Structure formats: C-alpha cells, structure tokens
Amino acid sequence: MTLPDGRVLEMPKGCSIRDVAFRIGSGLGKACVGGKIDGGAEILDLRYALVRDCSLSIVTADSKDGLEVVRHSASHIMADAICRLWPQAKLSIGPSTDDGFYYDIDLDAKVLPEDLERIEKEMSKIVEADTAFERCETGRDAALARYRSEGEIYKVEIIEGISAAESITTYRHGSGAFEDLCRGPHVPSTGYVKAFKLLTVAGAYWRGDEKNKMLQRIYGTAFTSKKELDAWVTRQEEAKARDHRKIGKELGLFMMHPIAPASPFFLPRGTIIYNRLVQHMRELYRTYDYKEVITPQIFDTEMFKTSGHWAHYLENMYVTEKDERQFGVKPMNCPSHTYIFANEKRSYRELPLRIADFGRLHRYERSGVTGGLTRVRTFCQDDAHLFVAPDQIKDEIASLLKMIMGVYDLFGFTRPKVFLSTRPAGSLGTDEIWNKAESALAAALTENGVAYTVNPGDGAFYGPKIDFITEDAIGREWQLSTIQLDFNLPERFDLKYTTRDGGEERPVMIHRAILGSLERFVGVLIEQTSGNFPFWLAPEQARVLPIAEGHMAYAKEFVAALEAAGHRVGLDVSNQKVGAKIRDARLMRIPYVLVVGDREVAEGTVAVRERPDKDLGPMTRDGVLALFADLERTKKR
RNA sequence: GCCGAUGUAGCUCAGUGGUAGAGCAGCGGUUUCGUAAACCGCAGGUCACGGGUUCAAAUCCCGUCAUCGGCUCCA
C-alpha cells in the first residue's frame with residue numbers, strides 16, 4: 001500500500017481497508033469509515049478487500065467524505081425505522097446531501113411532523129443495537145424478482161436503469177432484518193451514527209419529475225458527535241436570526257402584501273440602500289465607459305417572437321391586450337437593447353458598446369418557488385449588454401472580472417468560485433465561433449489569475465457563460481454575477497456593424513449583471529451584514545441623542561450641520577432615558593450614536609459611540625464631519 | 001403548480017367548543033434623566049377571507065388567499 005504521505009506499507013493480500021487503518025494506528029482504525037484507492041473519487045467500504053498493490057487514503061468519519069458515509073448510513077437506519085413503524089412503506093432513494101440526508105418513501109399514510117420523534121426513537125434503538133452493515137452482492141435477476149414480488153416498484157425501476165455489466169449490491173443491518181438496494185459504502189456498524197436529528201417532511205416527486213408520483217421525503221442530518229450536531233443546530237439558529245425577512249421587518253426596510261404576491265414594497269429605509277447600490281454601480285459605469293438607457297416596460301409581442309421569448313419564455317411572462325394588439329411586460333432587457341443598437345448604423349469604432357439598464361422586470365414565478373427578496377416576481381438588475389466584436393471578447397471579459405472582483409471585495413464577500421459552462425448539444429452558432437468564444441473566456445480567466453471549473457456542455461444554447469458563486473459571512477453560497485455570451489440575439493435581430501474595411505459583421509452580445517437583481521442583492525446583503533450595513537449604505541448613518549429637553553436646540557443644530565454635508569442623520573426626540581435611546585439606536589444598527597448633554601453643549605462636542613458599543617469619546621463637529629466624509633469616500637465596512 | 005405546515009392587536013406570541021389575552025410598539029399624563037428598556041393610565045381585534053356543522057366556533061369540517069419548509073443531490 002502506498003499511503004498519502006508516500007509511506008509504503010506491506011500488507012497481506014486480501015486484507016481490508018480497515019486492517020490497513022488499524023495497522024497504521026488504533027486511533028485511525030476506530031475513526032475510519034472507508035477508503036479511496038488510486039486517487040479515485042469512489043469511497044470504498046472498510047471491508048473492501050485489497051488484492052493488489054495500490055495507493056490508499058483512509059476516509060475518517062470527520063472528513064467530508066466520511067461524513068457522507070455516516071449520513072448515508074443514517075438514511076438507511078431511518079428507512080429501517082420507518083419500515084418498522086409503517087411496514088407497507090415503499091422505499092425509493094435515500095442519499096446524503098450537503099447538509100444531511102433524506103429518504104423518499106411512498107406511503108399512503110401521511111408522515112406528520114410529530115411522527116419524526118417516533119422515528120427518531122426507533123432509530124436510536126437501531127443505533128444502540130450496533131449491528132454490522134453487511135454488503136451483499138446479488139444477481140440482477142434475483143434482485144429484480146425479489147423486488148417485484150415485494151412490490152418495491154422503485155427499486156425495480158432503479159435496477160432496470162443499471163447497466164447489466166454492473167453488479168447489484170445490497171446492504172443490510174440488524175442481522176439481516178433490514179436490507180436495502182444500495183451502492184454503498186456504509187459505516188461498519190449502526191453504532192457509528194452517533195448523532196442525528198430528523199428535520200422536516202416534505203413532498204418530492206419521484207426522480208424530481210412532476211409527472212411522477214409525489215413521495216414523502218423525510219430530511220435529517222447526522223454528525224459523528226453530539227457536539228458537532230449541536231454546533232450545526234446553533235449555526236442554523238444564527239442563520240435564522242440573520243434571515244433577511246426578519247431583519248427587513250425589524251429595520252423597516254421592506255414589506256410584503258398579498259395585494260401583490262411575491263413583490264416587495266421597499267420602505268423608505270430600504271429604498272435608501274437600494275438607491276445607494278444603484279448609485280455605486282453608476283459610478284462604476286463612468287469608470288468602465290457604460291452608457292445607461294431607459295427602455296419601455298411593455299412591448300408588442302412581435303419583439304418577443306423575434307427574440308424567442310414567446311416560444312421559450314411565455315410561461316414566465318405577463319401579457320396584456322389593448323387596441324387589439326397583444327403586448328408583453330418585459331422579463332429581460334436584452335431584446336429592447338438590440339433596437340437601440342440597431343437605431344443607427346454602427347461602426348467598429350463604437351465597439352465595445354456597453355448599454356446599461358436598471359429597468360424593472362417582471363417574471364411570473366410559480367407560487368411555490370417565491371420567497372422573501374431572493375425570489376420575486378418583479379425586480380431590477382444592474383443589467384447591461386455589451387456589444388462587442390468577436391476579437392474583443394477576451395479583453396472585455398478581463399475588464400468585467402476586475403469590476404466583479406472589486407464589487408465582491410467592497411461588500412466583503414469571499415472571492416467567488418467560478419464556473420465556465422461550455423457548448424451544449426443542439427446549440428446555435430458555428431464551431432468556429434464557439435471555440436473562439438470559449439477559449440477567449442478561458443484565457444481571460446487564466447490571464448487574470450481567476451481559477452475556474454469547467455462545466456462541459458452546461459452553457460446556454462446561444463452561448464457559453466461564466467457563473468460566480470460566492471459565500472456570505474456564515475458560509476452560505478449565493479450566485480450573484482453572471483456573464484453570458486450570446487450569438488443568438490444578434491442573429492435574430494440581424495445586428496451588424498461596419499468593419500474597418502467597409503464590410504459588415506455581426507457583433508456578439510454579452511449579457512452581464514454584477515449584483516444580479518437589486519432585490520436579491522439587498523436580501524443577501526442583509527444576511528451578510530446581519531443588518532449592520534456599512535456606513536455608506538446605512539439608511540440612518542448617525543442618530544443624535546439629547547440627554548434632556550434642554551439639549552434639544554444644540555442637538556438640532558448638530559443634526560442640521562451633518563445633514564448639510566449630505567449625511568443621513570436622525571434625532572431622538574423621545575421622552576426616554578439615554579439608556580433606552582441607546583438601546584433603540586443599537587437595535588436599529590445605527591453606525592454612530594452622538595450623545596449630547598450639558599458637557600457637550602458647554603464644550604461644543606458630541607459623545608460618539610460607534611456600533612455596536614465602542615466609545616470614541618467627545619468629538620467636535622469638524623471631527624465628526626471629517627470622520628463621516630472619510631467613511632463615505634472609502635466605503636469602509 | 002404539487003406535498004406539508006402556518007395565519008389571533010402595528011410587532012412577538014398565549015388562548016383546542018362557552019364573554020378575545022399578555023409583553024413591546026402607539027396615544028395621554030408624570031418624570032428631564034449620562035450610554036441596552038423610568039412610572040401611571042388609555043386605546044387598539046370581522047381571530048386571513050368565504051362557506052358549513054353546532055344552542056354556541058379563534059377553536060371542528062370544506063374551499064380560497066397569503067406566507068414558510070421542500071419538490072437539483074439519484075441504488
């Protein structure tokens with residue numbers, strides 16, 4: 001055996017992965033749940049017999065791979081528990097997920113949330129019994145016959161989908177009391193599943209297809225120790241406390257109303273953030289030479305027929321009729337921008353022509369998929385369409401990357417994971433242009449030091465794309481920016497520009513958004529900052545707190561001076577003690593609290609307190625103005 | 001759209017067949033106060049909406065609307 005650290009270990013032929021682990025050390029032996037050989041991705045069972053020389057890495061329970069094994073085993077234990085409680089339940093699939101595991105079952109009786117506890121109890125018994133997980137190979141026909149006779153129609157369907165060349169395996173535990181078709185691997189025995197918790201029951205279509213029967217999906221999670229499970233629960237609670245719907249309500253940023261389902265109302269405080277973001281993008285547009293436009297909301301459907309939306313996107317569109325003409329509300333800005341491009345005869349000298357648009361978009365989303373600010377039916381993007389010559393793609397992408405990374409840094413998001421999606425089957429455009437475009441994208445990424453992963457064949461039918469997945473402060477992933485090349489729309493709208501030699505050529509369109517939708521971005525930002533917006537975005541940047549009535553006149557004067565300098569400043573006129581005023585300001589996440597009492601009035605200062613509770617001591621009016629001006633300029637977080 | 005849950009005062013929530021409750025917020029008064037909640041009082045509800053069962057419904061049943069968790073992870 002060659003180990004990951006390069007050590008070579010002599011082991012008898014046919015020994016198990018577990019044997020090797022124990023040979024290395026008893027601690028590792030106890031902690032291991034599987035192994036990987038020869039750098040392969042597949043996790044093998046501990047009992048996997050090693051019959052030839054190979055390189056081996058041991059998978060321990062606390063690794064990402066190991067946790068997957070533990071969770072997958074937990075899902076079997078849950079299935080066993082469910083079958084004990086409801087013997088008529090038919091099993092389908094039960095994999096591990098990023099956050100835990102689930103099992104989809106077909107059962108006429110409804111599993112209610114209060115049943116989860118019963119299932120957990122049953123699972124605990126199985127775990128306590130600590131019986132071995134045994135791997136069994138069966139013949140394909142035998143397995144099929146058996147599941148057919150048992151009425152396990154999902155298992156039959158699964159086996160039918162497995163190529164005849166592959167062997168069929170099952171895993172059993174409880175000394176054979178429970179057996180399930182499974183590729184594995186599993187932990188050595190049920191006792192390895194030391195900490196688990198069932199979460200919810202939900203509906204899920206068989207194979208994710210809504211034409212199929214809806215099964216009951218039971219979600220759970222499992223960890224290798226109670227401590228880790230508790231830590232996970234705590235993290236979930238923290239995430240809940242940061243939920244933008246909760247904070248948005250508390251801070252008076254936005255509201256929802258059934259009168260306009262899935263469509264946020266931005267309240268004055270939320271609107272400040274929203275507009276400030278737009279303003280920031282406009283500043284970038286000056287630097288990067290974009291031209292902003294304003295385009296109509298409603299178009300004759302002719303446009304959508306030309307663009308292809310009518311054929312491919314109608315389900316998501318709002319339509320209306322007037323003067324016996326049919327109109328559609330725009331779900332995207334791109335088609336209208338082609339009219340702007342085509343409005344005059346374009347020269348190669350004008351390219352890249354960058355058209356930006358903060359137009360409001362409407363997309364019908366199915367009622368079950370909407371939520372908060374992150375999935376809405378009306379929104380606006382920091383949208384732009386870049387009309388470029390094919391040989392400008394690389395440079396344009398390079399400058400976009402710079403812009404995107406700058407924005408992520410500004411808000412404190414991690415550098416994103418980048419995915420390049422390439423040509424799918426049945427796509428539009430020639431090989432030549434696709435190859436050129438894909439290599440231009442790849443080169444731009446590489447030359448700018450951006451590591452990326454290729455998703456082969458995952459591009460749109462009209463062009464390759466780059467997606468950016470970033471992580472927020474508590475490790476949740478969000479897709480914000482996208483860059484999408486498009487060979488299709490220029491074709492459909494017959495866009496052309498005059499080349500240097502007087503000929504005509506078709507431009508390539510690049511669709512791109514950096515923040516994505518403003519609505520969604522505000523939502524993500526609320527969760528990222530937990531409502532503690534950086535000074536430049538904060539709806540109320542400072543609040544002046546007079547200690548008593550007598551300090552009011554001085555306080556008002558101070559507020560006026562800060563407002564004159566362009567800052568957003570509140571004045572607490574309430575009849576409360578300072579402690580209560582401080583508390584209110586703190587709950588509203590106001591960056592600076594300026595307290596005014598006898599001392600400050602006498603000295604011509606304010607007592608400055610920085611969010612959440614840092615005492616900056618007394619500062620003069622000029623001192624505060626200088627501090628605030630600096631914060632605005634640097635956009636410091 | 002489908003599966004499940006939820007919907008009571010502005011907010012957070014209690015109330016499981018018999019007169020609709022609390023805290024906070026609001027309003028009025030007292031207090032003029034030094035860094036996370038002063039005190040007293042008042043007002044506030046078609047219990048989401050519509051229908052049904054019942055002597056009686058926030059509570060039980062049916063429907064509608066909205067919100068929330070899922071519906072990609074593949075033996």
# chains A, B, ... in the order shown; residues from 1 in each chain; ligands from 1

$ residues_around --residues "region 307-314 of chain A" --least-positions-apart "2" --cutoff "9 Å" --atoms "only C-alpha atoms (C1' of nucleotides)" --output "PyMOL selection string"
chain A and resi 301-305+316-319+331+334-335+488-489+492-493

$ closest_atom_pairs --of "chain B" --to "chain A" --cutoff "9 Å" --atoms "only C-alpha atoms (C1' of nucleotides)" --output "tab-separated table"
residue	atom	partner	partner_atom	distance
B:G1	C1'	A:Arg366	CA	6.7
B:C2	C1'	A:Glu210	CA	7.4
B:C3	C1'	A:Gly203	CA	3.8
B:G4	C1'	A:Ala202	CA	5.6
B:A5	C1'	A:Pro113	CA	8.6
B:C11	C1'	A:Glu250	CA	8.5
B:U32	C1'	A:Ala548	CA	5.1
B:C33	C1'	A:Lys577	CA	5.4
B:G34	C1'	A:Val578	CA	7.0
B:U35	C1'	A:Gly579	CA	5.7
B:A36	C1'	A:Arg583	CA	4.4
B:A37	C1'	A:Ala580	CA	5.4
B:A38	C1'	A:Lys577	CA	7.2
B:C65	C1'	A:Pro258	CA	7.8
B:A66	C1'	A:Pro258	CA	5.6
B:U67	C1'	A:Gly371	CA	8.5
B:C68	C1'	A:Gly371	CA	8.5
B:G69	C1'	A:Ala202	CA	7.4
B:G70	C1'	A:Ala202	CA	4.9
B:C71	C1'	A:Ala204	CA	4.3
B:U72	C1'	A:Gly208	CA	7.8
B:C73	C1'	A:Thr97	CA	6.0
B:C74	C1'	A:Ile93	CA	7.1
B:A75	C1'	A:Cys182	CA	4.4

$ residues_around --residues "G50 (chain B)" --least-positions-apart "6" --cutoff "12 Å" --atoms "only C-alpha atoms (C1' of nucleotides)" --output "list in words"
C62, G63, U64 and C65 of chain B

$ atom_distance --atom1 "CA of Glu10 (chain A)" --atom2 "CA of Asp53 (chain A)"
9.2 Å

$ residues_around --residues "Leu107 (chain A)" --least-positions-apart "5" --cutoff "9 Å" --atoms "only C-alpha atoms (C1' of nucleotides)" --output "list of chain:residue names"
A:Trp86, A:Gln88, A:Ala89, A:Lys90, A:Leu91, A:Leu215, A:Gln216

$ write_last_selection --atoms "C-alpha atoms" --output "PDB file, in the first residue's frame"
ATOM      1  CA  TRP A  86     -45.152   1.540   8.628  1.00  0.00           C
ATOM      2  CA  GLN A  88     -46.271  -1.007   3.956  1.00  0.00           C
ATOM      3  CA  ALA A  89     -43.869   1.851   3.124  1.00  0.00           C
ATOM      4  CA  LYS A  90     -42.131   1.509  -0.234  1.00  0.00           C
ATOM      5  CA  LEU A  91     -38.598   2.816  -0.383  1.00  0.00           C
ATOM      6  CA  LEU A 215     -43.385  10.790  -2.498  1.00  0.00           C
ATOM      7  CA  GLN A 216     -42.825  11.801   1.083  1.00  0.00           C
TER       8      GLN A 216
END

$ residues_around --residues "Pro591 (chain A)" --least-positions-apart "2" --cutoff "6 Å" --atoms "only C-alpha atoms (C1' of nucleotides)" --output "number ranges by chain"
A: 541-542, 610-611

$ select_by_dssp --residues "region 351-520 of chain A" --states "alpha helix (DSSP H)" --output "JSON, numbers by chain"
{"A": [393, 394, 395, 396, 397, 398, 399, 400, 401, 402, 403, 404, 405, 406, 407, 408, 409, 410, 411, 431, 432, 433, 434, 435, 436, 437, 438, 439, 440, 441, 442, 443, 444, 445, 446, 447, 488, 489, 490, 491, 492, 518, 519, 520]}

$ write_last_selection --atoms "C-alpha atoms" --output "compact mmCIF listing (two decimals), in the first residue's frame"
# COMPACT_ATOMS: atom_id res chain seq x y z
CA ILE A 393 -14.36 39.19 -26.09
CA LYS A 394 -11.24 38.41 -24.12
CA ASP A 395 -10.39 41.98 -23.15
CA GLU A 396 -13.99 42.74 -22.31
CA ILE A 397 -14.23 39.73 -20.01
CA ALA A 398 -10.96 40.75 -18.37
CA SER A 399 -12.30 44.17 -17.52
CA LEU A 400 -15.56 42.65 -16.30
CA LEU A 401 -13.66 40.33 -13.99
CA LYS A 402 -11.92 43.29 -12.48
CA MET A 403 -15.22 45.04 -11.96
CA ILE A 404 -16.85 41.98 -10.40
CA MET A 405 -14.00 41.21 -8.03
CA GLY A 406 -13.92 44.84 -6.92
CA VAL A 407 -17.60 44.69 -6.05
CA TYR A 408 -17.25 41.43 -4.09
CA ASP A 409 -14.34 42.84 -2.13
CA LEU A 410 -16.27 46.02 -1.37
CA PHE A 411 -19.08 44.09 0.29
CA ASP A 431 -17.95 25.54 -34.11
CA GLU A 432 -15.56 28.27 -35.04
CA ILE A 433 -17.27 30.99 -33.05
CA TRP A 434 -17.94 28.70 -30.09
CA ASN A 435 -14.34 27.56 -29.90
CA LYS A 436 -13.16 31.10 -30.23
CA ALA A 437 -15.52 32.33 -27.55
CA GLU A 438 -14.79 29.51 -25.13
CA SER A 439 -11.06 29.93 -25.44
CA ALA A 440 -11.40 33.71 -25.07
CA LEU A 441 -13.33 33.22 -21.83
CA ALA A 442 -10.82 30.67 -20.56
CA ALA A 443 -7.89 32.89 -21.49
CA ALA A 444 -9.42 35.92 -19.82
CA LEU A 445 -9.94 33.92 -16.63
CA THR A 446 -6.45 32.43 -16.66
CA GLU A 447 -4.68 35.66 -17.51
CA ASN A 488 -28.31 34.19 -30.96
CA LEU A 489 -29.96 37.58 -30.42
CA PRO A 490 -27.63 39.45 -32.82
CA GLU A 491 -28.64 36.86 -35.39
CA ARG A 492 -32.35 37.03 -34.68
CA LEU A 518 -31.06 44.52 -6.72
CA GLU A 519 -33.85 42.91 -4.69
CA ARG A 520 -31.94 39.71 -4.20

$ residues_around --residues "region 12-28 of chain B" --least-positions-apart "4" --cutoff "10 Å" --atoms "only C-alpha atoms (C1' of nucleotides)" --output "PDB file with N, CA and C atoms (P, O5', C5', C4', C3', O3' and C1' of nucleotides), in the first residue's frame"
ATOM      1  P     U B   8     -51.755  35.933  12.670  1.00  0.00           P
ATOM      2  O5'   U B   8     -53.008  35.716  13.624  1.00  0.00           O
ATOM      3  C5'   U B   8     -54.279  36.210  13.260  1.00  0.00           C
ATOM      4  C4'   U B   8     -55.074  36.573  14.475  1.00  0.00           C
ATOM      5  C3'   U B   8     -54.431  37.610  15.380  1.00  0.00           C
ATOM      6  O3'   U B   8     -54.629  38.925  14.893  1.00  0.00           O
ATOM      7  C1'   U B   8     -55.155  35.820  16.705  1.00  0.00           C
ATOM      8  P     A B  37     -31.145  48.962  30.020  1.00  0.00           P
ATOM      9  O5'   A B  37     -32.252  50.060  29.777  1.00  0.00           O
ATOM     10  C5'   A B  37     -32.711  50.335  28.460  1.00  0.00           C
ATOM     11  C4'   A B  37     -34.135  50.795  28.534  1.00  0.00           C
ATOM     12  C3'   A B  37     -34.787  50.662  29.918  1.00  0.00           C
ATOM     13  O3'   A B  37     -35.903  51.533  29.924  1.00  0.00           O
ATOM     14  C1'   A B  37     -35.754  49.117  28.460  1.00  0.00           C
ATOM     15  P     G B  41     -52.028  51.844  36.222  1.00  0.00           P
ATOM     16  O5'   G B  41     -52.768  52.719  35.099  1.00  0.00           O
ATOM     17  C5'   G B  41     -53.958  53.414  35.431  1.00  0.00           C
ATOM     18  C4'   G B  41     -54.308  54.398  34.344  1.00  0.00           C
ATOM     19  C3'   G B  41     -54.899  53.815  33.068  1.00  0.00           C
ATOM     20  O3'   G B  41     -56.262  53.489  33.200  1.00  0.00           O
ATOM     21  C1'   G B  41     -53.294  55.462  32.516  1.00  0.00           C
ATOM     22  P     C B  42     -56.889  52.341  32.262  1.00  0.00           P
ATOM     23  O5'   C B  42     -57.021  53.088  30.857  1.00  0.00           O
ATOM     24  C5'   C B  42     -57.834  54.235  30.704  1.00  0.00           C
ATOM     25  C4'   C B  42     -57.661  54.788  29.318  1.00  0.00           C
ATOM     26  C3'   C B  42     -57.997  53.812  28.190  1.00  0.00           C
ATOM     27  O3'   C B  42     -59.381  53.791  27.917  1.00  0.00           O
ATOM     28  C1'   C B  42     -55.934  54.870  27.729  1.00  0.00           C
ATOM     29  P     A B  43     -60.054  52.450  27.343  1.00  0.00           P
ATOM     30  O5'   A B  43     -59.583  52.469  25.811  1.00  0.00           O
ATOM     31  C5'   A B  43     -60.091  53.427  24.889  1.00  0.00           C
ATOM     32  C4'   A B  43     -59.182  53.512  23.684  1.00  0.00           C
ATOM     33  C3'   A B  43     -59.148  52.265  22.809  1.00  0.00           C
ATOM     34  O3'   A B  43     -60.203  52.274  21.866  1.00  0.00           O
ATOM     35  C1'   A B  43     -56.941  52.948  23.283  1.00  0.00           C
ATOM     36  P     G B  44     -60.889  50.867  21.472  1.00  0.00           P
ATOM     37  O5'   G B  44     -59.772  50.159  20.592  1.00  0.00           O
ATOM     38  C5'   G B  44     -59.378  50.733  19.331  1.00  0.00           C
ATOM     39  C4'   G B  44     -58.103  50.084  18.860  1.00  0.00           C
ATOM     40  C3'   G B  44     -58.222  48.588  18.573  1.00  0.00           C
ATOM     41  O3'   G B  44     -58.657  48.387  17.236  1.00  0.00           O
ATOM     42  C1'   G B  44     -56.284  49.020  19.873  1.00  0.00           C
ATOM     43  P     G B  45     -60.133  47.795  16.947  1.00  0.00           P
ATOM     44  O5'   G B  45     -59.896  46.322  16.477  1.00  0.00           O
ATOM     45  C5'   G B  45     -58.727  45.904  15.728  1.00  0.00           C
ATOM     46  C4'   G B  45     -58.797  44.398  15.640  1.00  0.00           C
ATOM     47  C3'   G B  45     -60.186  43.879  15.333  1.00  0.00           C
ATOM     48  O3'   G B  45     -60.264  43.501  13.971  1.00  0.00           O
ATOM     49  C1'   G B  45     -59.113  42.641  17.098  1.00  0.00           C
ATOM     50  P     C B  47     -62.992  37.985  13.942  1.00  0.00           P
ATOM     51  O5'   C B  47     -61.402  38.142  13.754  1.00  0.00           O
ATOM     52  C5'   C B  47     -60.720  37.350  12.796  1.00  0.00           C
ATOM     53  C4'   C B  47     -59.474  36.786  13.426  1.00  0.00           C
ATOM     54  C3'   C B  47     -59.264  35.302  13.130  1.00  0.00           C
ATOM     55  O3'   C B  47     -57.907  35.120  12.791  1.00  0.00           O
ATOM     56  C1'   C B  47     -59.195  35.676  15.459  1.00  0.00           C
ATOM     57  P     U B  54     -76.260  21.105  12.516  1.00  0.00           P
ATOM     58  O5'   U B  54     -75.736  21.570  13.941  1.00  0.00           O
ATOM     59  C5'   U B  54     -75.234  20.615  14.873  1.00  0.00           C
ATOM     60  C4'   U B  54     -74.667  21.349  16.059  1.00  0.00           C
ATOM     61  C3'   U B  54     -75.588  22.377  16.682  1.00  0.00           C
ATOM     62  O3'   U B  54     -76.521  21.785  17.563  1.00  0.00           O
ATOM     63  C1'   U B  54     -73.414  23.296  16.422  1.00  0.00           C
ATOM     64  P     A B  56     -76.201  27.449  16.900  1.00  0.00           P
ATOM     65  O5'   A B  56     -75.032  27.934  17.860  1.00  0.00           O
ATOM     66  C5'   A B  56     -75.037  29.271  18.369  1.00  0.00           C
ATOM     67  C4'   A B  56     -73.914  29.439  19.357  1.00  0.00           C
ATOM     68  C3'   A B  56     -72.525  29.145  18.808  1.00  0.00           C
ATOM     69  O3'   A B  56     -72.016  30.253  18.111  1.00  0.00           O
ATOM     70  C1'   A B  56     -72.796  28.112  20.915  1.00  0.00           C
ATOM     71  P     A B  57     -71.077  30.047  16.863  1.00  0.00           P
ATOM     72  O5'   A B  57     -69.789  29.368  17.499  1.00  0.00           O
ATOM     73  C5'   A B  57     -68.971  30.075  18.438  1.00  0.00           C
ATOM     74  C4'   A B  57     -67.520  29.942  18.033  1.00  0.00           C
ATOM     75  C3'   A B  57     -67.186  30.568  16.681  1.00  0.00           C
ATOM     76  O3'   A B  57     -65.838  31.022  16.704  1.00  0.00           O
ATOM     77  C1'   A B  57     -66.780  28.271  16.573  1.00  0.00           C
ATOM     78  P     A B  58     -65.545  32.534  17.153  1.00  0.00           P
ATOM     79  O5'   A B  58     -63.986  32.673  16.851  1.00  0.00           O
ATOM     80  C5'   A B  58     -63.499  32.703  15.525  1.00  0.00           C
ATOM     81  C4'   A B  58     -62.091  32.189  15.468  1.00  0.00           C
ATOM     82  C3'   A B  58     -61.965  30.678  15.648  1.00  0.00           C
ATOM     83  O3'   A B  58     -62.066  30.032  14.409  1.00  0.00           O
ATOM     84  C1'   A B  58     -60.453  31.800  17.100  1.00  0.00           C
ATOM     85  P     U B  59     -62.764  28.648  14.267  1.00  0.00           P
ATOM     86  O5'   U B  59     -61.995  27.713  15.284  1.00  0.00           O
ATOM     87  C5'   U B  59     -60.637  27.299  15.064  1.00  0.00           C
ATOM     88  C4'   U B  59     -60.177  26.497  16.253  1.00  0.00           C
ATOM     89  C3'   U B  59     -60.913  25.167  16.423  1.00  0.00           C
ATOM     90  O3'   U B  59     -60.005  24.154  16.757  1.00  0.00           O
ATOM     91  C1'   U B  59     -61.138  26.501  18.381  1.00  0.00           C
ATOM     92  P     C B  60     -59.502  23.251  15.586  1.00  0.00           P
ATOM     93  O5'   C B  60     -60.802  22.411  15.181  1.00  0.00           O
ATOM     94  C5'   C B  60     -61.078  21.157  15.790  1.00  0.00           C
ATOM     95  C4'   C B  60     -62.241  20.504  15.070  1.00  0.00           C
ATOM     96  C3'   C B  60     -62.228  20.652  13.552  1.00  0.00           C
ATOM     97  O3'   C B  60     -61.391  19.691  12.937  1.00  0.00           O
ATOM     98  C1'   C B  60     -64.370  21.196  14.362  1.00  0.00           C
TER      99        C B  60
END
